[in-house]
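S.K.: Just dropping this structure here.
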There are 2 protein chains.
Amino acid sequence: MTDTILNHKSIRKYRSDSIDEKILEEILIAGTRASTTGNMQVYSMVVTKDESIRKQLWECHFKQEMVLEAPVHITFCADFNRFNKWCRQRKAVPGYDNYLSFFTAAIDALLVSQNVCLAAEERALGICYLGTATYNARKIIDILQLPSGVVPVAAIVMGYPEEDQPLTDRLPLEGVVHYEKYKDYSPVDIDRIYADKEALQQTLDLLEVNKKETLAQIFTDNRYKKQDNVHFSREFLDVIREQGFMNDE
Amino acid sequence: MTDTILNHKSIRKYRSDSIDEKILEEILIAGTRASTTGNMQVYSMVVTKDESIRKQLWECHFKQEMVLEAPVHITFCADFNRFNKWCRQRKAVPGYDNYLSFFTAAIDALLVSQNVCLAAEERALGICYLGTATYNARKIIDILQLPSGVVPVAAIVMGYPEEDQPLTDRLPLEGVVHYEKYKDYSPVDIDRIYADKEALQQTLDLLEVNKKETLAQIFTDNRYKKQDNVHFSREFLDVIREQGFMNDE
């Protein structure tokens, strides 16, 4: 497993080969072994193979080609719907229509998703997370017919890789780990932590292509812009509310 | 790895043996190989071994004995502080003071946490997630001195197990997986999905000890009560706001 963890690469090009039912089921079972709050399993996985539904999802995920290519699409959802229904059928009154419950269920769903990804990679499959799952949560809810109490928090594509990628660079460990307490970063720390990333040929190429002075500007001005973040923030908070998780406001 | 995933058990009793520095570092590096939005790595891991700080954390985590016992405590944080500082030092204006950015960073942190747990378990260590990390986020922020832009979203204890546990029961796969679209649960579905769990000897024992008619009532009346959820919801939303992630409201 450690090798699987250490060799993870997001795959963005897929062969059309389908995934054997038995293998897929093993991978989903691996998902369910993740830690879950109070063993409530307040999540769902929606596994979509149908091409026409995947095409609708592709629209939600900014039309990234891999969503059409990869034979399997999994949407991981924070899900209190099933648990609430169970409570009501068992003379119990659920009190899970609040933000904490949403976040608890989101944690559950995300731990499951990572297990699923690693179990898939161990079987020579490739995966890629789609960060867009939260951006267009409402559209995904419509397409997948998610009822109240269910919110998509992550999505992945899965299939046999058509490409081999080098490992992506990461910040040095000291950049993301703090010992005992948080030690805030001085300007000198920031320079040191980002030095290697900034010196990569890939970074220099990006600066040239994007005609930017710094890599950070490519993030703030091109990739993750304030106006988009603000827009999708409001949308996502509205969705959390609409799906019944903000009744304590 | 699949064996590691399938054999996961939350460990609640620990030996006092410390964890070798080299092994801990390998585990943390495994964490950093998780998928991360746009390779921004908007998370931090705070690794706490100091006994007096762990004692303070123990108070936040409802005084669960294992927090005192386990030699290592890791708090996983959504962290845009480092990224924002980098942007400002590089003539870029960060627009990450909004809810979407918080949630993106939380996803990052949670995927890292699951990699860390599995890498630890593969090295014969045990872990247990502490669901209380979000409940008392403000106190954790004070203890670990987390600056603006940083919110704890998960915490684990880690150490060599003093106990061996049987695998925890899980709902059948059909209970948590939907194919193509979400198929909502009928009353008959709910009965079938929860039947095995409800028939466990452990469940029968719980009903007797708690003098309850149904297992669901133990969740709603004892373990995860509405009044607590509402209280901690407000607290957690306030913390997200105080740490600078709701400036788009």
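Letters for chains follow the order of the structure tokens (A, B, ...), residue numbers begin at 1 for each chain, and ligand numbers begin at 1 in the order shown.
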Which residues of chain B are close to chain A, meaning at most 7 Å apart when you count only C-alpha atoms, and how do they look as a CSV table (one decimal) with C-alpha atoms, in the first residue's frame?

M.R.:
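Contents of result-v8.csv, freshly written:
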chain,number,residue,atom,x,y,z
B,1,MET,CA,-2.5,-2.0,1.0
B,2,THR,CA,-5.9,-3.5,0.3
B,5,ILE,CA,-7.6,-1.0,4.2
B,6,LEU,CA,-9.8,-4.0,4.8
B,8,HIS,CA,-8.8,-1.1,9.6
B,29,ILE,CA,5.3,12.0,3.6
B,30,ALA,CA,2.7,9.5,2.6
B,33,ARG,CA,1.1,12.3,-1.7
B,37,THR,CA,-6.7,20.8,-5.4
B,43,TYR,CA,-3.5,22.0,4.6
B,44,SER,CA,-1.2,21.6,7.6
B,45,MET,CA,-0.5,18.7,9.9
B,46,VAL,CA,0.2,19.7,13.5
B,47,VAL,CA,2.1,16.8,15.2
B,48,THR,CA,1.9,17.0,19.0
B,49,LYS,CA,3.9,14.7,21.3
B,50,ASP,CA,4.5,17.0,24.2
B,82,ARG,CA,0.7,29.7,4.0
B,86,TRP,CA,3.1,33.2,-0.5
B,87,CYS,CA,0.7,35.0,-2.8
B,90,ARG,CA,4.8,37.2,-4.9
B,92,ALA,CA,-0.4,38.2,-6.2
B,93,VAL,CA,-3.7,39.1,-4.5
B,94,PRO,CA,-5.3,36.0,-2.9
B,95,GLY,CA,-9.1,35.7,-3.0
B,96,TYR,CA,-9.4,32.8,-0.6
B,98,ASN,CA,-14.5,32.6,1.4
B,99,TYR,CA,-16.4,29.4,2.2
B,100,LEU,CA,-15.5,27.6,-1.0
B,101,SER,CA,-11.9,28.0,-0.2
B,107,ILE,CA,-11.0,18.3,1.5
B,110,LEU,CA,-9.1,15.0,5.0
B,111,LEU,CA,-7.5,13.2,2.0
B,114,GLN,CA,-6.6,9.1,5.4
B,119,ALA,CA,0.5,4.5,6.1
B,131,GLY,CA,-14.7,13.4,15.8
B,144,LEU,CA,-2.1,25.0,18.9
B,145,GLN,CA,-1.9,28.7,18.1
B,146,LEU,CA,-3.5,28.4,14.7
B,173,LEU,CA,-22.8,-2.5,0.1
B,176,VAL,CA,-24.4,2.9,0.6
B,177,VAL,CA,-23.9,2.5,-3.1
B,178,HIS,CA,-26.3,3.7,-5.8
B,179,TYR,CA,-25.9,2.9,-9.5
B,180,GLU,CA,-26.3,5.5,-12.2
B,181,LYS,CA,-28.5,7.8,-10.1
B,182,TYR,CA,-29.6,8.0,-6.5
B,185,TYR,CA,-34.8,4.2,0.1
B,190,ILE,CA,-34.4,0.6,5.3
B,214,THR,CA,-34.4,0.8,19.2
B,216,ALA,CA,-31.6,4.5,16.4
B,217,GLN,CA,-32.9,6.0,19.7
B,220,THR,CA,-30.7,10.4,18.7
B,225,LYS,CA,-28.3,14.7,20.3
B,226,LYS,CA,-30.0,17.6,18.5
B,229,ASN,CA,-25.4,19.3,17.2
B,230,VAL,CA,-27.1,22.7,17.1
B,232,PHE,CA,-21.5,22.8,18.0
B,233,SER,CA,-22.9,23.8,14.5
B,248,ASP,CA,-18.0,36.9,1.1

S.K.: Assign secondary structure with DSSP using the backbone only, and return the residues of range 70-115 of chain A in alpha helix (DSSP H) as number ranges by chain.

M.R.: A: 81-89, 99-115

S.K.: Need to verify the contact set: range 56-60 of chain A, 8 Å, only C-alpha atoms, exclusion of same-chain residues closer than 4 positions in sequence. Can you return it as an NGL selection string?

M.R.: :A and (52 or 64-65 or 67-68 or 132-133 or 136 or 139-140 or 143)

S.K.: Return as a ChimeraX atom specification the full set of residues in range 21-146 of chain B whose backbone-based DSSP assignment is strand (DSSP E or B).

M.R.: /B:43-48,72-79,126-129

S.K.: Save the residues we just selected, N, CA and C atoms, as a short mmCIF file (atom, residue, chain, number, x, y, z; two decimals), in the first residue's frame?

M.R.:
data_model
loop_
_atom_site.label_atom_id
_atom_site.label_comp_id
_atom_site.auth_asym_id
_atom_site.auth_seq_id
_atom_site.Cartn_x
_atom_site.Cartn_y
_atom_site.Cartn_z
N TYR B 43 -3.30 22.68 3.31
CA TYR B 43 -3.53 21.99 4.59
C TYR B 43 -2.26 22.08 5.42
N SER B 44 -2.40 21.79 6.70
CA SER B 44 -1.24 21.59 7.57
C SER B 44 -1.52 20.43 8.52
N MET B 45 -0.45 19.77 8.91
CA MET B 45 -0.55 18.74 9.94
C MET B 45 0.22 19.23 11.16
N VAL B 46 -0.45 19.27 12.30
CA VAL B 46 0.24 19.65 13.53
C VAL B 46 0.44 18.38 14.36
N VAL B 47 1.70 18.01 14.52
CA VAL B 47 2.07 16.76 15.19
C VAL B 47 2.46 17.07 16.63
N THR B 48 1.66 16.62 17.57
CA THR B 48 1.90 16.97 18.97
C THR B 48 2.28 15.73 19.78
N VAL B 72 1.41 10.02 19.98
CA VAL B 72 1.36 11.03 18.91
C VAL B 72 -0.09 11.46 18.64
N HIS B 73 -0.26 12.75 18.51
CA HIS B 73 -1.56 13.36 18.23
C HIS B 73 -1.37 14.22 16.99
N ILE B 74 -2.18 14.01 15.97
CA ILE B 74 -2.03 14.84 14.76
C ILE B 74 -3.34 15.57 14.48
N THR B 75 -3.24 16.88 14.33
CA THR B 75 -4.40 17.70 14.00
C THR B 75 -4.27 18.12 12.53
N PHE B 76 -5.27 17.75 11.73
CA PHE B 76 -5.26 18.06 10.31
C PHE B 76 -6.07 19.34 10.10
N CYS B 77 -5.45 20.32 9.46
CA CYS B 77 -6.09 21.62 9.34
C CYS B 77 -6.26 22.04 7.89
N ALA B 78 -7.42 22.60 7.59
CA ALA B 78 -7.59 23.37 6.36
C ALA B 78 -6.70 24.59 6.54
N ASP B 79 -5.81 24.88 5.59
CA ASP B 79 -4.82 25.94 5.80
C ASP B 79 -4.60 26.75 4.52
N GLY B 126 -1.57 1.85 15.30
CA GLY B 126 -3.02 2.00 15.34
C GLY B 126 -3.37 3.47 15.36
N ILE B 127 -4.57 3.77 14.90
CA ILE B 127 -5.04 5.16 14.89
C ILE B 127 -6.51 5.19 15.33
N CYS B 128 -6.93 6.36 15.76
CA CYS B 128 -8.35 6.59 15.95
C CYS B 128 -8.66 8.04 15.62
N TYR B 129 -9.65 8.25 14.77
CA TYR B 129 -10.10 9.62 14.51
C TYR B 129 -10.86 10.14 15.72
#

S.K.: Just give me the gap between CA of Ile11 in chain A and CA of Pro166 in chain A in Å, one decimal is fine.

M.R.: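 Separating CA of Ile11 in chain A from CA of Pro166 in chain A is a distance of 10.6 Å.
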
S.K.: Using Å and a single decimal, report how far CA of Ala137 in chain B sits from CA of Val239 in chain A.

M.R.: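 About the pair CA of Val239 in chain A and CA of Ala137 in chain B: they are 23.8 Å apart.
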